[in-house]
Amino acid sequence: MAVVTLSNGGAGTSQAGPDRAARLGACLERARNGEMDALGDVVRELNPLLWHVARAEGLSAEEAADTVQTTWLELLRRLQDIQSPRALTAWLVTATRRGAWRTRELSRRQAPDGAERLELTPDPGPEPGEQLLSGERDSVLWQHFQRLPERCRALLRIVAHADRPDYSAVAEALGMPIGSIGPTRGRCLAKLRAMLLDDPGWSTP
Amino acid sequence: MEHAVTDPADLPLDQQDQAILDRLAAIHALLDPPPADLDERVTFAIALDDLDAEVARLVEQQPVGSGARSAERTRTITFDGESRTVMITIVDRQDGLVRIDGWLAPSAPLQVELRLPEPAPHRTVTADVAGRFTFDSVPHGFAQFLVQPPEDSALPRLVTPAFTL
């Protein structure tokens, strides 16, 4: 079986590929040596991923921002123990999820009896704002995505924001199966993919 | 080679999968982007000279409503650390600045530092024996607290997340 290499092109927004991993590694190294400015670059690279981790766990926007920030603060003490960009991503994703669970638990306790807070509804993320989506393919994708179980939507939302060098790390942190040659598609993506390939709106350009 | 029995879910990701994930990322980035100031807030919060600190989490934030003078808005924030809790009340003053009344629990006359973005100097006060402290005439913007441990303690200092005044 051939090892599938994912294309470096695509519509991803951040710079993917080994360059990014090398750059993050260098920043991490500098930060460990006390150059805290270097950590700023790492923050800018990984904040979107962590934001979507917190939002996928059902936090409100305000709670998600606080949780992401607290995760970075907690990282400071651990900086010396984290050796690679891969380990850094895994640690941050795991810590953000834990922080999100804790926050969710707290807000549940603080909510008045019987009053279910709106923010506690799982996956408060993207409003049904299809009108914002420009292309037809995006609309088709979004429609099918919305039909997935909530757990799958949360998972795919996070995985989609992982860049290739971090992919295995994120998958591992989320408890997703990883095959011997890297991350596998998994149930959720397989399901979405099957729905899309059946839809002429996606498969015909 | 038993291709027929392979579950599609067990296959490695291919370019079609990557295309789907890329579009999903783009859609989520469009529909639910992180707050515009998140990067700035985090970089401000982690720019500390000493990395060894206990992190107090923001556990509650609520408006207390307007005071007797209607122009005065008040809100409270609670930060919960393992060793100590920091509670603050932020009062908007008429002149566009804010006053912060704080309380440490368990109470102790510890040094409390208010970090503000450069070039504003950091401010330091010492809490009274009841753990109360005040910072007055503070400008709006990001802020963060650092609470020094008792002198005889082996504990690190306590740091709060950055919050917006």
# chains A, B, ... in the order shown; residues from 1 in each chain; ligands from 1
>>> select_by_dssp(residues="stretch 4-63 of chain B", states="strand (DSSP E)", output="compact mmCIF listing (two decimals) with N, CA and C atoms, in the first residue's frame")
# COMPACT_ATOMS: atom_id res chain seq x y z
N ALA B 53 4.29 30.35 37.71
CA ALA B 53 3.15 31.00 38.34
C ALA B 53 1.98 30.03 38.40
N GLU B 54 1.19 30.21 39.43
CA GLU B 54 -0.05 29.43 39.52
C GLU B 54 -1.13 30.22 38.78
N VAL B 55 -1.86 29.56 37.91
CA VAL B 55 -2.86 30.26 37.11
C VAL B 55 -4.22 30.22 37.80
N ARG B 57 -8.10 30.71 37.38
CA ARG B 57 -9.05 30.75 36.26
C ARG B 57 -10.18 31.74 36.51
N LEU B 58 -10.63 32.33 35.42
CA LEU B 58 -11.81 33.19 35.55
C LEU B 58 -13.01 32.26 35.71
N VAL B 59 -13.68 32.35 36.86
CA VAL B 59 -14.81 31.44 37.07
C VAL B 59 -16.16 32.13 37.01
N GLU B 60 -16.17 33.43 37.20
CA GLU B 60 -17.45 34.11 37.14
C GLU B 60 -17.25 35.56 36.77
N GLN B 61 -18.15 36.04 35.96
CA GLN B 61 -18.10 37.44 35.57
C GLN B 61 -19.53 37.90 35.43
N GLN B 62 -19.90 38.90 36.21
CA GLN B 62 -21.27 39.38 36.04
C GLN B 62 -21.43 40.86 36.33
N PRO B 63 -22.36 41.46 35.61
CA PRO B 63 -22.67 42.86 35.88
C PRO B 63 -23.42 42.95 37.20
>>> interface_residues(of="chain B", to="chain A", cutoff="7 Å", atoms="only C-alpha atoms", output="PDB file with N, CA and C atoms, in the first residue's frame")
ATOM      1  N   PRO B   8     -14.322   2.076   4.706  1.00  0.00           N
ATOM      2  CA  PRO B   8     -13.824   3.385   4.242  1.00  0.00           C
ATOM      3  C   PRO B   8     -13.303   4.254   5.398  1.00  0.00           C
ATOM      4  N   ALA B   9     -13.856   4.042   6.563  1.00  0.00           N
ATOM      5  CA  ALA B   9     -13.425   4.848   7.715  1.00  0.00           C
ATOM      6  C   ALA B   9     -11.989   4.544   8.125  1.00  0.00           C
ATOM      7  N   ASP B  10     -11.497   3.344   7.769  1.00  0.00           N
ATOM      8  CA  ASP B  10     -10.147   2.946   8.185  1.00  0.00           C
ATOM      9  C   ASP B  10      -9.079   3.358   7.173  1.00  0.00           C
ATOM     10  N   LEU B  11      -9.498   3.908   6.049  1.00  0.00           N
ATOM     11  CA  LEU B  11      -8.525   4.297   5.032  1.00  0.00           C
ATOM     12  C   LEU B  11      -7.822   5.586   5.433  1.00  0.00           C
ATOM     13  N   PRO B  12      -6.585   5.711   4.952  1.00  0.00           N
ATOM     14  CA  PRO B  12      -5.885   6.972   5.245  1.00  0.00           C
ATOM     15  C   PRO B  12      -6.551   8.134   4.505  1.00  0.00           C
ATOM     16  N   LEU B  13      -6.320   9.303   4.994  1.00  0.00           N
ATOM     17  CA  LEU B  13      -6.883  10.488   4.348  1.00  0.00           C
ATOM     18  C   LEU B  13      -6.314  10.648   2.953  1.00  0.00           C
ATOM     19  N   ASP B  14      -7.163  11.024   2.015  1.00  0.00           N
ATOM     20  CA  ASP B  14      -6.651  11.300   0.676  1.00  0.00           C
ATOM     21  C   ASP B  14      -6.973  12.759   0.325  1.00  0.00           C
ATOM     22  N   GLN B  15      -6.704  13.099  -0.923  1.00  0.00           N
ATOM     23  CA  GLN B  15      -6.858  14.507  -1.296  1.00  0.00           C
ATOM     24  C   GLN B  15      -8.304  14.980  -1.266  1.00  0.00           C
ATOM     25  N   ALA B  19      -9.616  18.095   0.789  1.00  0.00           N
ATOM     26  CA  ALA B  19     -10.391  19.178   0.174  1.00  0.00           C
ATOM     27  C   ALA B  19     -11.622  19.472   1.026  1.00  0.00           C
ATOM     28  N   LEU B  21     -11.984  18.879   4.268  1.00  0.00           N
ATOM     29  CA  LEU B  21     -11.555  19.500   5.530  1.00  0.00           C
ATOM     30  C   LEU B  21     -11.149  20.958   5.326  1.00  0.00           C
ATOM     31  N   ASP B  22     -10.477  21.219   4.212  1.00  0.00           N
ATOM     32  CA  ASP B  22     -10.060  22.599   3.936  1.00  0.00           C
ATOM     33  C   ASP B  22     -11.273  23.519   3.816  1.00  0.00           C
ATOM     34  N   ARG B  23     -12.309  23.040   3.098  1.00  0.00           N
ATOM     35  CA  ARG B  23     -13.516  23.873   2.952  1.00  0.00           C
ATOM     36  C   ARG B  23     -14.228  24.033   4.291  1.00  0.00           C
ATOM     37  N   LEU B  24     -14.252  22.949   5.076  1.00  0.00           N
ATOM     38  CA  LEU B  24     -14.896  23.038   6.398  1.00  0.00           C
ATOM     39  C   LEU B  24     -14.200  24.075   7.269  1.00  0.00           C
ATOM     40  N   ALA B  25     -12.877  24.073   7.214  1.00  0.00           N
ATOM     41  CA  ALA B  25     -12.111  25.043   7.996  1.00  0.00           C
ATOM     42  C   ALA B  25     -12.432  26.461   7.522  1.00  0.00           C
ATOM     43  N   HIS B  28     -15.975  27.474   8.721  1.00  0.00           N
ATOM     44  CA  HIS B  28     -16.016  27.786  10.155  1.00  0.00           C
ATOM     45  C   HIS B  28     -15.269  29.082  10.469  1.00  0.00           C
ATOM     46  N   LEU B  31     -17.799  31.746   9.515  1.00  0.00           N
ATOM     47  CA  LEU B  31     -19.037  31.847  10.301  1.00  0.00           C
ATOM     48  C   LEU B  31     -18.790  32.036  11.800  1.00  0.00           C
ATOM     49  N   ASP B  32     -17.661  31.566  12.291  1.00  0.00           N
ATOM     50  CA  ASP B  32     -17.415  31.673  13.735  1.00  0.00           C
ATOM     51  C   ASP B  32     -15.946  31.966  14.014  1.00  0.00           C
ATOM     52  N   PRO B  34     -12.501  33.544  15.659  1.00  0.00           N
ATOM     53  CA  PRO B  34     -12.108  33.937  17.015  1.00  0.00           C
ATOM     54  C   PRO B  34     -12.282  35.452  17.161  1.00  0.00           C
ATOM     55  N   LEU B  38      -8.236  38.316  20.292  1.00  0.00           N
ATOM     56  CA  LEU B  38      -7.774  37.143  21.051  1.00  0.00           C
ATOM     57  C   LEU B  38      -6.244  37.000  21.047  1.00  0.00           C
ATOM     58  N   ASP B  39      -5.625  37.157  19.869  1.00  0.00           N
ATOM     59  CA  ASP B  39      -4.164  37.024  19.791  1.00  0.00           C
ATOM     60  C   ASP B  39      -3.479  38.060  20.686  1.00  0.00           C
ATOM     61  N   VAL B  42      -3.911  37.260  24.421  1.00  0.00           N
ATOM     62  CA  VAL B  42      -3.053  36.160  24.863  1.00  0.00           C
ATOM     63  C   VAL B  42      -1.596  36.597  24.921  1.00  0.00           C
ATOM     64  N   THR B  43      -1.140  37.302  23.895  1.00  0.00           N
ATOM     65  CA  THR B  43       0.278  37.694  23.906  1.00  0.00           C
ATOM     66  C   THR B  43       0.567  38.669  25.049  1.00  0.00           C
ATOM     67  N   ILE B  46       0.712  36.460  28.372  1.00  0.00           N
ATOM     68  CA  ILE B  46       1.836  35.542  28.597  1.00  0.00           C
ATOM     69  C   ILE B  46       3.191  36.241  28.586  1.00  0.00           C
ATOM     70  N   ALA B  47       3.204  37.549  28.360  1.00  0.00           N
ATOM     71  CA  ALA B  47       4.487  38.266  28.347  1.00  0.00           C
ATOM     72  C   ALA B  47       4.935  38.550  29.777  1.00  0.00           C
ATOM     73  N   LEU B  51       8.143  32.688  34.500  1.00  0.00           N
ATOM     74  CA  LEU B  51       7.161  31.735  33.985  1.00  0.00           C
ATOM     75  C   LEU B  51       6.524  30.885  35.070  1.00  0.00           C
ATOM     76  N   ASP B  52       7.165  30.861  36.237  1.00  0.00           N
ATOM     77  CA  ASP B  52       6.634  30.000  37.281  1.00  0.00           C
ATOM     78  C   ASP B  52       5.509  30.712  38.013  1.00  0.00           C
ATOM     79  N   ALA B  53       4.290  30.354  37.708  1.00  0.00           N
ATOM     80  CA  ALA B  53       3.146  31.003  38.342  1.00  0.00           C
ATOM     81  C   ALA B  53       1.980  30.031  38.395  1.00  0.00           C
ATOM     82  N   VAL B  55      -1.860  29.558  37.908  1.00  0.00           N
ATOM     83  CA  VAL B  55      -2.857  30.263  37.110  1.00  0.00           C
ATOM     84  C   VAL B  55      -4.225  30.215  37.796  1.00  0.00           C
ATOM     85  N   ARG B  57      -8.103  30.714  37.380  1.00  0.00           N
ATOM     86  CA  ARG B  57      -9.053  30.750  36.256  1.00  0.00           C
ATOM     87  C   ARG B  57     -10.178  31.737  36.510  1.00  0.00           C
ATOM     88  N   PRO B 161      -5.779  35.496  34.247  1.00  0.00           N
ATOM     89  CA  PRO B 161      -5.824  35.795  32.822  1.00  0.00           C
ATOM     90  C   PRO B 161      -5.993  37.300  32.619  1.00  0.00           C
TER      91      PRO B 161
END
>>> closest_residue(among="B:Val91, B:Val147, B:His122, B:Phe135", to="B:Leu104", atoms="only C-alpha atoms")
B:Val147
>>> select_by_dssp(residues="chain B", states="alpha helix (DSSP H)", output="MDAnalysis selection string")
chainID B and resid 15:31 38:46
>>> write_last_selection(atoms="N, CA, C and O atoms", output="CSV table (one decimal), in the first residue's frame")
chain,number,residue,atom,x,y,z
B,15,GLN,N,-6.7,13.1,-0.9
B,15,GLN,CA,-6.9,14.5,-1.3
B,15,GLN,C,-8.3,15.0,-1.3
B,15,GLN,O,-8.6,16.1,-1.0
B,16,GLN,N,-9.2,14.1,-1.6
B,16,GLN,CA,-10.6,14.4,-1.5
B,16,GLN,C,-11.0,14.8,-0.1
B,16,GLN,O,-11.7,15.8,0.2
B,17,ASP,N,-10.5,14.0,0.9
B,17,ASP,CA,-10.8,14.3,2.3
B,17,ASP,C,-10.2,15.6,2.7
B,17,ASP,O,-10.8,16.4,3.4
B,18,GLN,N,-9.0,15.8,2.2
B,18,GLN,CA,-8.3,17.1,2.6
B,18,GLN,C,-9.1,18.3,2.0
B,18,GLN,O,-9.2,19.3,2.7
B,19,ALA,N,-9.6,18.1,0.8
B,19,ALA,CA,-10.4,19.2,0.2
B,19,ALA,C,-11.6,19.5,1.0
B,19,ALA,O,-12.0,20.6,1.2
B,20,ILE,N,-12.3,18.4,1.5
B,20,ILE,CA,-13.5,18.6,2.4
B,20,ILE,C,-13.1,19.3,3.6
B,20,ILE,O,-13.7,20.3,4.1
B,21,LEU,N,-12.0,18.9,4.3
B,21,LEU,CA,-11.6,19.5,5.5
B,21,LEU,C,-11.1,21.0,5.3
B,21,LEU,O,-11.4,21.8,6.2
B,22,ASP,N,-10.5,21.2,4.2
B,22,ASP,CA,-10.1,22.6,3.9
B,22,ASP,C,-11.3,23.5,3.8
B,22,ASP,O,-11.3,24.6,4.3
B,23,ARG,N,-12.3,23.0,3.1
B,23,ARG,CA,-13.5,23.9,3.0
B,23,ARG,C,-14.2,24.0,4.3
B,23,ARG,O,-14.7,25.1,4.6
B,24,LEU,N,-14.3,22.9,5.1
B,24,LEU,CA,-14.9,23.0,6.4
B,24,LEU,C,-14.2,24.1,7.3
B,24,LEU,O,-14.8,24.9,8.0
B,25,ALA,N,-12.9,24.1,7.2
B,25,ALA,CA,-12.1,25.0,8.0
B,25,ALA,C,-12.4,26.5,7.5
B,25,ALA,O,-12.6,27.4,8.3
B,26,ALA,N,-12.5,26.6,6.2
B,26,ALA,CA,-12.8,28.0,5.7
B,26,ALA,C,-14.2,28.4,6.1
B,26,ALA,O,-14.4,29.6,6.4
B,27,ILE,N,-15.1,27.5,6.0
B,27,ILE,CA,-16.5,27.9,6.4
B,27,ILE,C,-16.6,28.3,7.9
B,27,ILE,O,-17.2,29.3,8.2
B,28,HIS,N,-16.0,27.5,8.7
B,28,HIS,CA,-16.0,27.8,10.2
B,28,HIS,C,-15.3,29.1,10.5
B,28,HIS,O,-15.7,29.8,11.3
B,29,ALA,N,-14.2,29.3,9.7
B,29,ALA,CA,-13.4,30.5,10.0
B,29,ALA,C,-14.3,31.7,9.6
B,29,ALA,O,-14.2,32.8,10.2
B,30,LEU,N,-15.1,31.5,8.6
B,30,LEU,CA,-16.0,32.6,8.1
B,30,LEU,C,-17.2,32.8,9.1
B,30,LEU,O,-17.5,34.0,9.5
B,31,LEU,N,-17.8,31.7,9.5
B,31,LEU,CA,-19.0,31.8,10.3
B,31,LEU,C,-18.8,32.0,11.8
B,31,LEU,O,-19.6,32.6,12.5
B,38,LEU,N,-8.2,38.3,20.3
B,38,LEU,CA,-7.8,37.1,21.1
B,38,LEU,C,-6.2,37.0,21.0
B,38,LEU,O,-5.6,36.8,22.1
B,39,ASP,N,-5.6,37.2,19.9
B,39,ASP,CA,-4.2,37.0,19.8
B,39,ASP,C,-3.5,38.1,20.7
B,39,ASP,O,-2.5,37.8,21.4
B,40,GLU,N,-4.0,39.3,20.6
B,40,GLU,CA,-3.4,40.4,21.4
B,40,GLU,C,-3.5,40.1,22.9
B,40,GLU,O,-2.6,40.4,23.6
B,41,ARG,N,-4.7,39.7,23.2
B,41,ARG,CA,-5.0,39.4,24.7
B,41,ARG,C,-4.1,38.3,25.2
B,41,ARG,O,-3.5,38.4,26.3
B,42,VAL,N,-3.9,37.3,24.4
B,42,VAL,CA,-3.1,36.2,24.9
B,42,VAL,C,-1.6,36.6,24.9
B,42,VAL,O,-0.9,36.3,25.9
B,43,THR,N,-1.1,37.3,23.9
B,43,THR,CA,0.3,37.7,23.9
B,43,THR,C,0.6,38.7,25.0
B,43,THR,O,1.6,38.6,25.7
B,44,PHE,N,-0.4,39.5,25.4
B,44,PHE,CA,-0.2,40.4,26.5
B,44,PHE,C,-0.1,39.6,27.8
B,44,PHE,O,0.8,39.7,28.6
B,45,ALA,N,-1.1,38.6,27.9
B,45,ALA,CA,-1.1,37.8,29.2
B,45,ALA,C,0.1,37.0,29.4
B,45,ALA,O,0.5,36.8,30.6
B,46,ILE,N,0.7,36.5,28.4
B,46,ILE,CA,1.8,35.5,28.6
B,46,ILE,C,3.2,36.2,28.6
B,46,ILE,O,4.2,35.6,28.8
>>> atom_distance(atom1="atom CA of B:Ile77", atom2="atom CA of B:Leu158")
15.7 Å
>>> atom_distance(atom1="atom CA of A:Arg153", atom2="atom CA of A:Leu24")
28.0 Å
>>> residues_around(residues="B:Gly141", least_positions_apart="6", cutoff="12 Å", atoms="only C-alpha atoms", output="compact mmCIF listing (two decimals) with N, CA and C atoms, in the first residue's frame")
# COMPACT_ATOMS: atom_id res chain seq x y z
N ASP B 37 -9.54 40.36 19.05
CA ASP B 37 -8.45 40.72 19.98
C ASP B 37 -7.86 39.51 20.72
N GLU B 40 -3.99 39.28 20.60
CA GLU B 40 -3.40 40.38 21.36
C GLU B 40 -3.54 40.14 22.86
N ARG B 41 -4.72 39.65 23.25
CA ARG B 41 -4.98 39.41 24.66
C ARG B 41 -4.06 38.32 25.20
N PHE B 44 -0.41 39.53 25.36
CA PHE B 44 -0.23 40.40 26.53
C PHE B 44 -0.14 39.56 27.80
N GLY B 96 -14.22 58.46 32.78
CA GLY B 96 -13.69 57.57 31.76
C GLY B 96 -12.64 56.60 32.27
N LEU B 97 -12.25 56.72 33.54
CA LEU B 97 -11.32 55.77 34.12
C LEU B 97 -12.12 54.78 34.97
N VAL B 98 -11.44 53.77 35.51
CA VAL B 98 -12.15 52.82 36.36
C VAL B 98 -11.47 52.68 37.72
N ARG B 115 -0.95 44.58 36.09
CA ARG B 115 -0.19 44.74 34.84
C ARG B 115 -1.08 45.39 33.80
N LEU B 116 -0.56 46.41 33.15
CA LEU B 116 -1.29 47.09 32.07
C LEU B 116 -0.40 47.05 30.83
N PRO B 117 -0.99 47.16 29.64
CA PRO B 117 -0.17 47.11 28.42
C PRO B 117 0.83 48.27 28.40
N GLU B 118 2.00 48.00 27.82
CA GLU B 118 3.01 49.03 27.65
C GLU B 118 2.40 50.21 26.89
N ALA B 120 2.17 51.83 29.79
CA ALA B 120 1.69 52.12 31.14
C ALA B 120 2.51 51.32 32.15
N ALA B 162 -5.67 37.77 31.43
CA ALA B 162 -5.92 39.18 31.13
C ALA B 162 -7.41 39.38 30.93
N PHE B 163 -7.92 40.49 31.41
CA PHE B 163 -9.33 40.80 31.22
C PHE B 163 -9.43 42.23 30.71
N THR B 164 -10.59 42.60 30.24
CA THR B 164 -10.74 43.94 29.67
C THR B 164 -11.47 44.86 30.64
N LEU B 165 -10.84 45.98 30.92
CA LEU B 165 -11.47 46.97 31.79
C LEU B 165 -12.35 47.88 30.94
>>> residues_around(residues="B:Asp95", least_positions_apart="2", cutoff="12 Å", atoms="only C-alpha atoms", output="PyMOL selection string")
chain B and resi 71-72+91-93+97-99+136-140
>>> atom_distance(atom1="atom CA of B:Phe145", atom2="atom CA of B:Leu110")
12.3 Å
